[in-house]
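Pasting upload-v2.tsv here (TSV, C-alpha atoms and all ligand atoms):
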```tsv
chain	number	residue	atom	x	y	z
J	1337	MET	CA	-19.96	16.70	9.06
J	1338	ILE	CA	-20.23	12.96	9.62
J	1339	PRO	CA	-16.81	11.39	8.92
J	1340	PHE	CA	-16.44	7.85	7.64
J	1341	ASN	CA	-14.36	6.78	10.63
J	1342	LYS	CA	-13.34	8.23	13.95
J	1343	PRO	CA	-10.85	6.34	16.14
J	1344	TYR	CA	-12.38	5.50	19.51
J	1345	LEU	CA	-10.35	5.89	22.70
J	1346	THR	CA	-11.42	3.96	25.79
J	1347	GLY	CA	-9.72	6.45	28.14
J	1348	LYS	CA	-6.94	4.23	29.50
J	1349	GLU	CA	-4.61	4.40	26.48
J	1350	ALA	CA	-2.53	7.36	27.65
J	1351	HIS	CA	-2.41	5.98	31.18
J	1352	TYR	CA	-0.97	2.63	30.12
J	1353	MET	CA	1.42	4.31	27.68
J	1354	TYR	CA	2.62	6.54	30.49
J	1355	ASP	CA	3.10	3.48	32.64
J	1356	ALA	CA	5.13	1.81	29.88
J	1357	VAL	CA	7.27	4.93	29.50
J	1358	ASN	CA	7.84	5.18	33.26
J	1359	SER	CA	8.72	1.51	33.57
J	1360	GLY	CA	11.95	2.23	31.71
J	1361	LYS	CA	11.30	-0.65	29.30
J	1362	LEU	CA	10.24	0.84	25.99
J	1363	SER	CA	11.33	-1.68	23.38
J	1364	GLY	CA	9.26	-4.71	22.42
J	1365	ASN	CA	8.22	-7.95	24.11
J	1366	GLY	CA	7.80	-6.50	27.60
J	1367	LYS	CA	4.93	-6.46	30.10
J	1368	TYR	CA	2.20	-5.01	27.86
J	1369	THR	CA	3.14	-7.14	24.87
J	1370	LYS	CA	2.87	-10.24	27.08
J	1371	MET	CA	-0.46	-9.03	28.49
J	1372	CYS	CA	-1.82	-8.61	24.95
J	1373	HIS	CA	-0.57	-12.06	23.91
J	1374	ALA	CA	-2.17	-13.61	27.00
J	1375	PHE	CA	-5.44	-11.80	26.34
J	1376	PHE	CA	-5.71	-13.27	22.84
J	1377	GLN	CA	-4.58	-16.72	23.87
J	1378	ASP	CA	-7.14	-16.86	26.72
J	1379	LYS	CA	-10.06	-15.23	24.95
J	1380	PHE	CA	-9.75	-16.94	21.57
J	1381	GLY	CA	-7.65	-20.02	22.32
J	1382	PHE	CA	-4.98	-19.01	19.79
J	1383	LYS	CA	-1.97	-21.29	20.28
J	1384	LYS	CA	0.67	-18.60	19.91
J	1385	CYS	CA	0.40	-14.88	19.19
J	1386	LEU	CA	3.06	-12.33	18.28
J	1387	LEU	CA	2.22	-8.64	18.10
J	1388	THR	CA	3.63	-6.95	15.00
J	1389	THR	CA	3.83	-3.37	13.85
J	1390	SER	CA	1.10	-4.03	11.25
J	1391	CYS	CA	-0.99	-6.75	9.65
J	1392	THR	CA	1.24	-6.21	6.62
J	1393	ASP	CA	4.22	-7.29	8.74
J	1394	ALA	CA	2.34	-10.30	10.05
J	1395	LEU	CA	1.56	-11.37	6.47
J	1396	GLU	CA	5.24	-10.92	5.55
J	1397	MET	CA	6.20	-13.13	8.48
J	1398	ALA	CA	3.69	-15.73	7.28
J	1399	ALA	CA	5.26	-15.73	3.80
J	1400	LEU	CA	8.71	-16.24	5.36
J	1401	LEU	CA	7.48	-18.99	7.67
J	1402	ILE	CA	5.90	-21.08	4.94
J	1403	ASN	CA	9.12	-20.52	3.01
J	1404	ILE	CA	7.67	-19.04	-0.17
J	1405	GLN	CA	10.19	-19.25	-3.01
J	1406	PRO	CA	10.32	-17.48	-6.39
J	1407	GLU	CA	7.76	-18.94	-8.81
J	1408	ASP	CA	5.61	-20.44	-6.05
J	1409	GLU	CA	1.93	-19.70	-6.56
J	1410	VAL	CA	-0.39	-18.28	-3.93
J	1411	ILE	CA	-4.17	-18.15	-4.37
J	1412	MET	CA	-6.14	-15.22	-2.95
J	1413	PRO	CA	-9.11	-13.04	-3.85
J	1414	SER	CA	-8.48	-10.09	-6.18
J	1415	TYR	CA	-10.83	-8.02	-4.05
J	1416	THR	CA	-8.49	-7.33	-1.15
J	1417	PHE	CA	-5.92	-4.89	0.18
J	1418	VAL	CA	-2.51	-4.74	-1.52
J	1419	SER	CA	-0.71	-6.11	1.54
J	1420	THR	CA	-2.40	-9.50	1.19
J	1421	ALA	CA	-0.58	-9.87	-2.12
J	1422	ASN	CA	2.57	-7.82	-1.52
J	1423	ALA	CA	3.71	-9.99	1.39
J	1424	PHE	CA	4.04	-12.93	-1.00
J	1425	VAL	CA	5.21	-10.91	-4.01
J	1426	LEU	CA	8.16	-9.75	-1.87
J	1427	ARG	CA	9.28	-13.41	-1.73
J	1428	GLY	CA	8.96	-13.71	-5.52
J	1429	ALA	CA	5.65	-15.55	-5.54
J	1430	LYS	CA	3.19	-15.41	-8.38
J	1431	ILE	CA	-0.27	-14.38	-7.22
J	1432	VAL	CA	-3.19	-16.31	-8.68
J	1433	PHE	CA	-6.32	-14.26	-8.18
J	1434	ALA	CA	-9.71	-15.81	-7.54
J	1435	ASP	CA	-13.08	-14.15	-7.97
J	1436	SER	CA	-15.36	-13.15	-5.10
J	1437	ARG	CA	-18.65	-14.80	-4.19
J	1438	LYS	CA	-21.80	-13.45	-5.80
J	1439	ASP	CA	-23.43	-12.90	-2.41
J	1440	HIS	CA	-20.35	-11.65	-0.57
J	1441	PRO	CA	-16.96	-10.03	-1.38
J	1442	GLY	CA	-15.08	-12.98	0.18
J	1443	ILE	CA	-13.23	-15.50	-2.04
J	1444	ASP	CA	-15.46	-17.78	-4.12
J	1445	GLU	CA	-14.58	-21.10	-2.50
J	1446	GLU	CA	-15.88	-22.92	-5.62
J	1447	ALA	CA	-13.26	-21.18	-7.76
J	1448	ILE	CA	-10.21	-22.26	-5.75
J	1449	GLU	CA	-9.71	-25.86	-6.83
J	1450	GLY	CA	-9.53	-24.95	-10.53
J	1451	LEU	CA	-6.65	-22.58	-9.79
J	1452	ILE	CA	-4.46	-25.12	-7.99
J	1453	THR	CA	-1.36	-26.28	-9.92
J	1454	PRO	CA	1.73	-28.25	-8.86
J	1455	LYS	CA	3.34	-24.87	-8.00
J	1456	THR	CA	0.60	-23.78	-5.60
J	1457	ARG	CA	1.88	-23.39	-2.04
J	1458	ALA	CA	-0.80	-21.48	-0.16
J	1459	ILE	CA	-4.35	-20.16	-0.08
J	1460	VAL	CA	-4.95	-16.79	1.57
J	1461	PRO	CA	-8.64	-16.29	2.37
J	1462	VAL	CA	-9.64	-12.77	3.43
J	1463	HIS	CA	-12.52	-12.53	5.90
J	1464	TYR	CA	-13.99	-9.42	4.31
J	1465	ALA	CA	-15.93	-7.18	6.71
J	1466	GLY	CA	-15.10	-9.72	9.42
J	1467	VAL	CA	-17.39	-12.28	7.77
J	1468	ALA	CA	-15.90	-15.76	7.58
J	1469	CYS	CA	-14.99	-17.55	4.38
J	1470	ASP	CA	-16.16	-21.17	4.28
J	1471	MET	CA	-13.13	-22.51	6.11
J	1472	ASP	CA	-14.15	-26.20	6.05
J	1473	ARG	CA	-14.01	-26.15	2.27
J	1474	ILE	CA	-10.74	-24.23	2.19
J	1475	MET	CA	-9.03	-26.44	4.80
J	1476	GLU	CA	-10.26	-29.57	3.04
J	1477	LEU	CA	-8.67	-28.40	-0.24
J	1478	ALA	CA	-5.49	-27.42	1.59
J	1479	ASN	CA	-5.23	-30.85	3.18
J	1480	ARG	CA	-5.94	-32.67	-0.06
J	1481	TYR	CA	-3.32	-30.72	-2.02
J	1482	SER	CA	-0.84	-30.17	0.88
J	1483	LEU	CA	-1.16	-26.38	0.88
J	1484	PHE	CA	-0.80	-23.87	3.68
J	1485	VAL	CA	-3.66	-21.58	4.64
J	1486	VAL	CA	-2.88	-18.07	5.87
J	1487	GLU	CA	-6.02	-16.29	7.06
J	1488	ASP	CA	-6.02	-12.56	6.35
J	1489	ALA	CA	-8.07	-11.80	9.44
J	1490	ALA	CA	-7.22	-8.08	9.39
J	1491	GLN	CA	-10.89	-7.16	9.79
J	1492	ALA	CA	-11.99	-10.26	11.64
J	1493	ILE	CA	-11.32	-9.76	15.34
J	1494	ASP	CA	-13.88	-11.51	17.55
J	1495	SER	CA	-15.73	-13.09	14.65
J	1496	TYR	CA	-16.46	-16.80	14.24
J	1497	TYR	CA	-16.94	-19.68	11.84
J	1498	THR	CA	-19.15	-22.66	12.55
J	1499	GLY	CA	-18.02	-25.76	10.68
J	1500	LYS	CA	-20.01	-28.77	9.49
J	1501	ASN	CA	-19.36	-30.47	12.82
J	1502	GLY	CA	-21.19	-27.63	14.60
J	1503	VAL	CA	-18.07	-26.37	16.36
J	1504	LYS	CA	-17.79	-22.58	16.48
J	1505	LYS	CA	-14.21	-21.36	16.05
J	1506	PRO	CA	-12.78	-17.83	16.20
J	1507	LEU	CA	-11.48	-16.53	12.88
J	1508	GLY	CA	-7.72	-16.60	12.96
J	1509	SER	CA	-7.65	-19.96	14.74
J	1510	ILE	CA	-8.33	-22.15	11.70
J	1511	GLY	CA	-5.55	-21.66	9.12
J	1512	HIS	CA	-1.93	-22.66	9.75
J	1513	LEU	CA	-1.25	-18.95	10.30
J	1514	ALA	CA	-3.39	-15.81	10.56
J	1515	ALA	CA	-2.80	-12.07	10.49
J	1516	PHE	CA	-4.79	-9.38	12.31
J	1517	SER	CA	-4.68	-5.58	12.00
J	1518	PHE	CA	-5.00	-2.89	14.65
J	1519	HIS	CA	-4.80	-0.03	12.16
J	1520	GLU	CA	-6.95	2.90	13.24
J	1521	THR	CA	-9.67	1.94	10.77
J	1522	LYS	CA	-10.25	-1.46	12.41
J	1523	ASN	CA	-12.47	-2.36	15.41
J	1524	ILE	CA	-9.61	-2.54	17.93
J	1525	ILE	CA	-6.76	-0.16	17.23
J	1526	SER	CA	-3.25	0.94	18.16
J	1527	GLY	CA	-2.69	3.49	15.39
J	1528	GLU	CA	-0.63	1.09	13.34
J	1529	GLY	CA	-0.40	-2.45	14.64
J	1530	GLY	CA	-1.00	-6.09	13.94
J	1531	MET	CA	-0.57	-9.64	15.12
J	1532	LEU	CA	0.55	-12.97	13.74
J	1533	VAL	CA	-1.28	-16.03	15.06
J	1534	ILE	CA	0.56	-19.33	14.83
J	1535	ASN	CA	-1.80	-22.28	14.95
J	1536	ASP	CA	0.57	-24.87	13.50
J	1537	GLU	CA	3.12	-25.88	16.11
J	1538	GLN	CA	5.88	-26.42	13.50
J	1539	PHE	CA	6.15	-22.62	13.02
J	1540	ALA	CA	6.16	-21.54	16.67
J	1541	LYS	CA	9.91	-21.47	17.36
J	1542	ARG	CA	10.94	-19.97	14.05
J	1543	ALA	CA	8.22	-17.29	14.20
J	1544	GLU	CA	9.76	-15.92	17.37
J	1545	ILE	CA	13.22	-15.85	15.76
J	1546	LEU	CA	12.06	-14.03	12.60
J	1547	TRP	CA	10.22	-11.60	14.86
J	1548	GLU	CA	13.39	-10.78	16.83
J	1549	LYS	CA	15.67	-9.95	13.85
J	1550	GLY	CA	16.78	-13.54	13.27
J	1551	THR	CA	18.05	-14.03	16.81
J	1552	ASN	CA	17.04	-16.41	19.58
J	1553	ARG	CA	16.64	-13.47	21.95
J	1554	ALA	CA	13.15	-14.48	23.14
J	1555	ALA	CA	14.40	-17.96	24.13
J	1556	PHE	CA	17.40	-16.36	25.86
J	1557	PHE	CA	15.16	-14.15	28.03
J	1558	ARG	CA	13.13	-17.21	29.00
J	1559	GLY	CA	16.40	-18.80	30.11
J	1560	GLU	CA	16.23	-21.57	27.49
J	1561	VAL	CA	19.64	-20.76	25.97
J	1562	ASP	CA	22.62	-19.20	27.74
J	1563	LYS	CA	23.53	-16.70	25.03
J	1564	TYR	CA	21.75	-15.28	22.06
J	1565	GLY	CA	22.90	-14.62	18.54
J	1566	TRP	CA	22.15	-14.77	14.86
J	1567	VAL	CA	20.42	-18.05	14.05
J	1568	ASP	CA	18.21	-17.31	11.00
J	1569	ILE	CA	16.92	-14.58	8.70
J	1570	GLY	CA	14.57	-12.11	10.30
J	1571	SER	CA	13.57	-8.52	10.72
J	1572	SER	CA	12.25	-6.15	13.34
J	1573	PHE	CA	8.59	-7.09	13.32
J	1574	LEU	CA	7.78	-6.40	16.96
J	1575	PRO	CA	6.12	-3.19	18.16
J	1576	SER	CA	7.37	-1.15	21.11
J	1577	GLU	CA	5.79	-1.43	24.54
J	1578	ILE	CA	4.19	1.99	24.00
J	1579	ILE	CA	2.05	0.57	21.21
J	1580	ALA	CA	1.26	-2.61	23.13
J	1581	ALA	CA	0.16	-0.48	26.10
J	1582	PHE	CA	-2.26	1.43	23.88
J	1583	LEU	CA	-3.59	-1.82	22.45
J	1584	TYR	CA	-4.12	-3.34	25.87
J	1585	ALA	CA	-6.42	-0.46	26.87
J	1586	GLN	CA	-8.50	-1.20	23.79
J	1587	LEU	CA	-8.65	-4.93	24.48
J	1588	GLU	CA	-10.06	-4.30	27.95
J	1589	HIS	CA	-13.08	-2.78	26.19
J	1590	LEU	CA	-13.42	-5.38	23.45
J	1591	GLU	CA	-16.95	-6.53	24.43
J	1592	GLN	CA	-18.28	-3.01	24.68
J	1593	ILE	CA	-16.73	-1.91	21.37
J	1594	GLN	CA	-18.03	-4.95	19.51
J	1595	GLN	CA	-21.53	-4.60	20.95
J	1596	LYS	CA	-21.73	-0.96	19.98
J	1597	ARG	CA	-20.53	-1.60	16.43
J	1598	ARG	CA	-22.98	-4.45	15.98
J	1599	ASP	CA	-25.82	-2.24	17.27
J	1600	ILE	CA	-24.95	0.45	14.73
J	1601	TRP	CA	-24.72	-2.17	12.01
J	1602	ASN	CA	-28.14	-3.60	12.90
J	1603	TYR	CA	-29.67	-0.15	13.01
J	1604	TYR	CA	-28.47	0.56	9.45
J	1605	ASN	CA	-29.65	-2.83	8.31
J	1606	ASP	CA	-33.15	-2.35	9.71
J	1607	LYS	CA	-33.53	1.19	8.42
J	1608	LEU	CA	-32.27	0.47	4.91
J	1609	GLY	CA	-33.64	-3.00	4.15
J	1610	GLN	CA	-36.77	-2.07	2.27
J	1611	TRP	CA	-35.29	0.95	0.48
J	1612	ALA	CA	-32.33	-1.16	-0.67
J	1613	SER	CA	-34.45	-3.89	-2.18
J	1614	GLU	CA	-36.66	-1.33	-3.95
J	1615	ASN	CA	-33.56	0.17	-5.55
J	1616	ASP	CA	-31.70	-3.04	-6.53
J	1617	ILE	CA	-29.10	-2.43	-3.84
J	1618	ASP	CA	-27.66	-5.38	-1.90
J	1619	LEU	CA	-27.00	-5.05	1.80
J	1620	PRO	CA	-24.37	-7.25	3.49
J	1621	PHE	CA	-25.03	-10.98	3.47
J	1622	ILE	CA	-23.88	-13.07	6.44
J	1623	PRO	CA	-23.80	-16.82	5.63
J	1624	ASP	CA	-25.17	-19.21	8.28
J	1625	PHE	CA	-21.67	-20.40	9.12
J	1626	ALA	CA	-20.44	-16.83	9.86
J	1627	THR	CA	-20.97	-14.19	12.53
J	1628	ASN	CA	-21.01	-10.42	12.24
J	1629	ASN	CA	-18.41	-8.38	14.16
J	1630	GLY	CA	-19.78	-5.02	13.00
J	1631	HIS	CA	-16.58	-4.11	11.20
J	1632	LEU	CA	-18.16	-2.55	8.10
J	1633	PHE	CA	-21.59	-1.64	6.89
J	1634	TYR	CA	-21.58	-1.63	3.12
J	1635	MET	CA	-24.04	-1.59	0.25
J	1636	VAL	CA	-23.54	-3.00	-3.23
J	1637	CYS	CA	-25.15	-0.55	-5.62
J	1638	LYS	CA	-26.86	-1.49	-8.89
J	1639	ASN	CA	-24.04	0.06	-10.93
J	1640	LEU	CA	-21.25	2.62	-10.82
J	1641	GLU	CA	-23.57	5.49	-11.81
J	1642	GLN	CA	-25.90	4.76	-8.92
J	1643	ARG	CA	-22.97	4.60	-6.50
J	1644	THR	CA	-21.57	7.90	-7.79
J	1645	GLN	CA	-24.97	9.53	-7.40
J	1646	ILE	CA	-25.21	8.32	-3.79
J	1647	VAL	CA	-21.64	9.35	-2.86
J	1648	GLU	CA	-22.26	12.85	-4.25
J	1649	LYS	CA	-25.57	13.25	-2.45
J	1650	LEU	CA	-24.06	12.17	0.86
J	1651	LYS	CA	-21.08	14.45	0.34
J	1652	THR	CA	-23.25	17.51	-0.35
J	1653	ASN	CA	-24.94	16.75	2.95
J	1654	GLY	CA	-21.65	16.51	4.84
J	1655	ILE	CA	-21.56	12.71	5.05
J	1656	LEU	CA	-18.47	10.80	3.98
J	1657	SER	CA	-18.96	7.40	2.41
J	1658	VAL	CA	-16.13	5.52	0.74
J	1659	PHE	CA	-15.76	2.72	-1.78
J	1660	HIS	CA	-13.20	-0.01	-1.11
J	1661	TYR	CA	-10.69	-2.06	-3.08
J	1662	LEU	CA	-9.86	-1.79	-6.74
J	1663	SER	CA	-9.46	-5.35	-8.09
J	1664	LEU	CA	-5.78	-6.21	-7.72
J	1665	HIS	CA	-5.75	-8.19	-10.99
J	1666	GLN	CA	-6.52	-4.90	-12.76
J	1667	SER	CA	-4.02	-2.81	-10.81
J	1668	GLN	CA	-1.27	-0.92	-12.58
J	1669	PHE	CA	1.29	-3.16	-10.88
J	1670	TYR	CA	-0.24	-6.56	-11.56
J	1671	ARG	CA	-2.48	-6.40	-14.63
J	1672	ASN	CA	0.31	-7.52	-16.97
J	1673	LYS	CA	1.25	-10.36	-14.64
J	1674	HIS	CA	-2.31	-11.59	-14.14
J	1675	THR	CA	-2.66	-14.64	-16.33
J	1676	GLY	CA	-6.09	-15.72	-15.19
J	1677	SER	CA	-9.52	-15.01	-16.45
J	1678	ASP	CA	-11.92	-12.13	-15.92
J	1679	LEU	CA	-13.12	-11.80	-12.36
J	1680	PRO	CA	-16.54	-10.22	-12.80
J	1681	GLN	CA	-17.65	-10.30	-9.17
J	1682	SER	CA	-14.43	-8.68	-7.98
J	1683	ASN	CA	-14.95	-5.92	-10.54
J	1684	ARG	CA	-18.57	-5.53	-9.49
J	1685	TYR	CA	-17.51	-4.91	-5.87
J	1686	SER	CA	-14.82	-2.49	-7.06
J	1687	ASP	CA	-17.40	-0.48	-8.99
J	1688	CYS	CA	-20.48	-0.80	-6.80
J	1689	LEU	CA	-19.54	-1.35	-3.16
J	1690	LEU	CA	-19.90	1.62	-0.84
J	1691	ARG	CA	-19.11	1.78	2.89
J	1692	LEU	CA	-21.14	3.97	5.22
J	1693	PRO	CA	-19.85	5.76	8.35
J	1694	LEU	CA	-19.45	3.27	11.21
J	1695	PHE	CA	-17.59	4.13	14.40
J	1696	PHE	CA	-18.17	3.82	18.13
J	1697	GLU	CA	-19.31	7.39	18.67
J	1698	LEU	CA	-21.76	7.49	15.75
J	1699	SER	CA	-25.08	8.47	17.32
J	1700	THR	CA	-28.51	7.14	16.48
J	1701	SER	CA	-29.53	10.54	15.16
J	1702	ASP	CA	-26.47	10.58	12.86
J	1703	ILE	CA	-27.36	7.14	11.51
J	1704	THR	CA	-30.93	8.31	10.93
J	1705	ARG	CA	-29.59	11.32	9.07
J	1706	VAL	CA	-27.34	9.13	6.88
J	1707	CYS	CA	-30.30	6.89	6.07
J	1708	ASP	CA	-32.62	9.81	5.31
J	1709	VAL	CA	-30.11	11.41	2.96
J	1710	LEU	CA	-29.52	8.04	1.29
J	1711	LYS	CA	-33.22	7.62	0.68
J	1712	SER	CA	-33.42	11.07	-0.88
J	1713	ALA	CA	-30.45	10.36	-3.16
J	1714	LEU	CA	-32.30	8.19	-5.65
J	1715	ILE	CA	-35.53	10.14	-6.05
J	1801	LIG	C1	-6.30	-3.38	6.98
J	1801	LIG	C2	-6.00	-4.57	6.15
J	1801	LIG	C3	-4.69	-5.02	5.93
J	1801	LIG	C4	-3.46	-4.24	6.35
J	1801	LIG	O1	-3.40	-3.98	7.69
J	1801	LIG	P1	-2.20	-3.05	8.26
J	1801	LIG	O2	-2.28	-3.30	9.73
J	1801	LIG	O3	-2.56	-1.66	7.88
J	1801	LIG	O4	-0.95	-3.51	7.66
J	1801	LIG	C5	-4.49	-6.19	5.23
J	1801	LIG	N1	-5.52	-6.89	4.75
J	1801	LIG	C6	-6.80	-6.48	4.92
J	1801	LIG	C7	-7.91	-7.33	4.38
J	1801	LIG	C8	-7.08	-5.30	5.61
J	1801	LIG	O5	-8.34	-4.91	5.76
```

Take the structure in the file and write it out as structure tokens.
Ligand SMILES: *Cc1c(COP(=O)(O)O)cnc(C)c1O
Amino acid sequence: MIPFNKPYLTGKEAHYMYDAVNSGKLSGNGKYTKMCHAFFQDKFGFKKCLLTTSCTDALEMAALLINIQPEDEVIMPSYTFVSTANAFVLRGAKIVFADSRKDHPGIDEEAIEGLITPKTRAIVPVHYAGVACDMDRIMELANRYSLFVVEDAAQAIDSYYTGKNGVKKPLGSIGHLAAFSFHETKNIISGEGGMLVINDEQFAKRAEILWEKGTNRAAFFRGEVDKYGWVDIGSSFLPSEIIAAFLYAQLEHLEQIQQKRRDIWNYYNDKLGQWASENDIDLPFIPDFATNNGHLFYMVCKNLEQRTQIVEKLKTNGILSVFHYLSLHQSQFYRNKHTGSDLPQSNRYSDCLLRLPLFFELSTSDITRVCDVLKSALI
């Protein structure tokens, strides 16, 4: 059996968790949480980071911070995970779905401007497979129309965007706010877990308050106020030290994990290139402005029948491949609320995109086997 994913453990997770347990400080915002925040701030230059219990939580914090009100409109791709939308729907927002690019499942940057109305408050680009959206274009629109940009960087750890000025920036550092995921299916994991990145100074203080149940507890422990209490709305968005300890062990191996995943990705890409083009299958496209963090290796099949044929063939040979999102504008929950047009590219990715096994411990011989079975699937 070759599974689709297998969580990778660096070896130090249990040790650090044990240390956290023994320290007697188990709740959030302790030593390991601070070490994780410092890691991200040093490595990627993020202005302020707050660990959360999921990327979903980080997106919900973002919706609270930009003060989304009922009837506000938020633009995002239809080809994304439900949490991207739900975070804003919880505040009463109306989601305006954009199509994906023809060459990539990310949002079609050309489609955004036509969707902006006086009610639009935010754009939420999703860096699908860790591949950057064209952030210069998105930030330019946001500035022109006074909109906020929340990057859904769930899959985008340690991936970069190079703007027109030639400056290479980490994903998650460009929008006003950004959300990362450490769910066990991502590159760096803590079981469930996430992080909010605050790049716009105006949100820094309030983010910490929302994070700590609407109290100024964080400022109190820094000695900035002499008592703490209820100062705003909020919730319990922060993870325990046990989770932060696990995450820290992963972060220590970031380089190694990323390198290995990129190697696997490149191996697939080399092995499958010719076969894919002979069979009208698209392999991932990485625009010049983007980098590859080896998060996913996917193929876009010619049609649904071809994808079904491939999935079945792999399955009979003990290999698990999985498709990805179902267009949110066609979901049971939102199809009656979707007022926009058809989104043909989003539907194409829903029907035709297939993800192949990609995890740290996937061996070269396993990848060869996956590729050989794939090649026999369409004969
Ligand atoms: C994984 C993922 C999420 C949700 O992350 P959680 O940490 O599970 O909440 C949101 N958006 C995208 C694009 C994702 O891939």

Restricting to only C-alpha atoms and all ligand atoms, whichever of J:Tyr1584, J:Phe1433, J:Phe1625, J:Phe1516 is closest to ligand LIG 1801 (chain J) is J:Phe1516

Taking only C-alpha atoms and all ligand atoms and a cut-off of 10 Å, can you tell me which residues surround ligand LIG 1801 (chain J), written as number ranges by chain? J: 1388-1396, 1415-1423, 1461-1466, 1487-1492, 1515-1522, 1525-1531, 1631, 1660-1661

Hey, what's within 10 Å of Tyr1352 in chain J if we count all atoms listed in the file and toss same-chain stuff fewer than 2 positions away? As a list in words, please? Gly1347, Lys1348, Glu1349, Ala1350, Tyr1354, Asp1355, Ala1356, Val1357, Asn1358, Tyr1368, Glu1577, Ile1578, Ile1579, Ala1580, Ala1581, Phe1582, Leu1583, Tyr1584 and Ala1585 of chain J

Closest of J:Ile1338, J:Leu1401, J:Ile1431, J:Met1635 to Tyr1670 in chain J - atom-to-atom distances counting all atoms listed in the file: J:Ile1431

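Across the structure, CA of Phe1669 in chain J and CA of Leu1451 in chain J are spaced 21.0 Å apart.
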
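Put simply, CA of Cys1469 in chain J is 15.8 Å away from CA of Leu1632 in chain J.
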
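In this structure, CA of Glu1548 in chain J sits 26.2 Å away from CA of Ile1459 in chain J.
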
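Residues surrounding Asp1624 in chain J within 12 Å are Val1467, Ala1468, Cys1469, Asp1470, Tyr1496, Tyr1497, Thr1498, Gly1499, Lys1500, Gly1502 and Lys1504 of chain J [all atoms listed in the file; sequence separation below 6 positions excluded].
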
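Excluding Ser1363 in chain J and any residue on its chain fewer than 2 positions from it, the residues at most 9 Å away by only C-alpha atoms are Lys1361, Asn1365, Gly1366, Leu1574, Pro1575, Ser1576, Glu1577 and Ile1578 of chain J.
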
Polymer residues at most 8 Å from Ile1404 in chain J, all atoms listed in the file, same-chain spacing of 6 or more positions, as a count of residues only: 5

Ala1398 in chain J proximity check over J:Asp1606, J:Asp1687, J:Asp1536, J:Asp1444, using only C-alpha atoms: winner is J:Asp1536

Could you tell me which of J:Ser1677, J:Asp1708, J:Val1503, J:Phe1633 comes closest to Phe1621 in chain J if we count all atoms listed in the file? J:Phe1633

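Taking all atoms listed in the file into account, His1440 in chain J lies nearest to J:Tyr1685 out of the set J:Tyr1685, J:Trp1601, J:Phe1696, J:Phe1659.
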
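The residue that comes closest to Leu1662 in chain J, out of J:Leu1640, J:Arg1691, J:Ser1414, J:Leu1345 and on the basis of all atoms listed in the file, is J:Ser1414.
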
Skipping near chain neighbours, those fewer than 3 positions away, what residues fall within 6 Å of Ile1617 in chain J using only C-alpha atoms, listed as a list of chain:residue names? J:Ala1612, J:Ser1613, J:Val1636, J:Cys1637, J:Lys1638

Can those selected residues be exported to a file as a PDB file, keeping the file's coordinate frame so that it contains C-alpha atoms?
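The file below, selection-v2.pdb, is the result:
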```pdb
ATOM      1  CA  ALA J1612     -32.330  -1.160  -0.670  1.00  0.00           C
ATOM      2  CA  SER J1613     -34.450  -3.890  -2.180  1.00  0.00           C
ATOM      3  CA  VAL J1636     -23.540  -3.000  -3.230  1.00  0.00           C
ATOM      4  CA  CYS J1637     -25.150  -0.550  -5.620  1.00  0.00           C
ATOM      5  CA  LYS J1638     -26.860  -1.490  -8.890  1.00  0.00           C
TER       6      LYS J1638
END
```
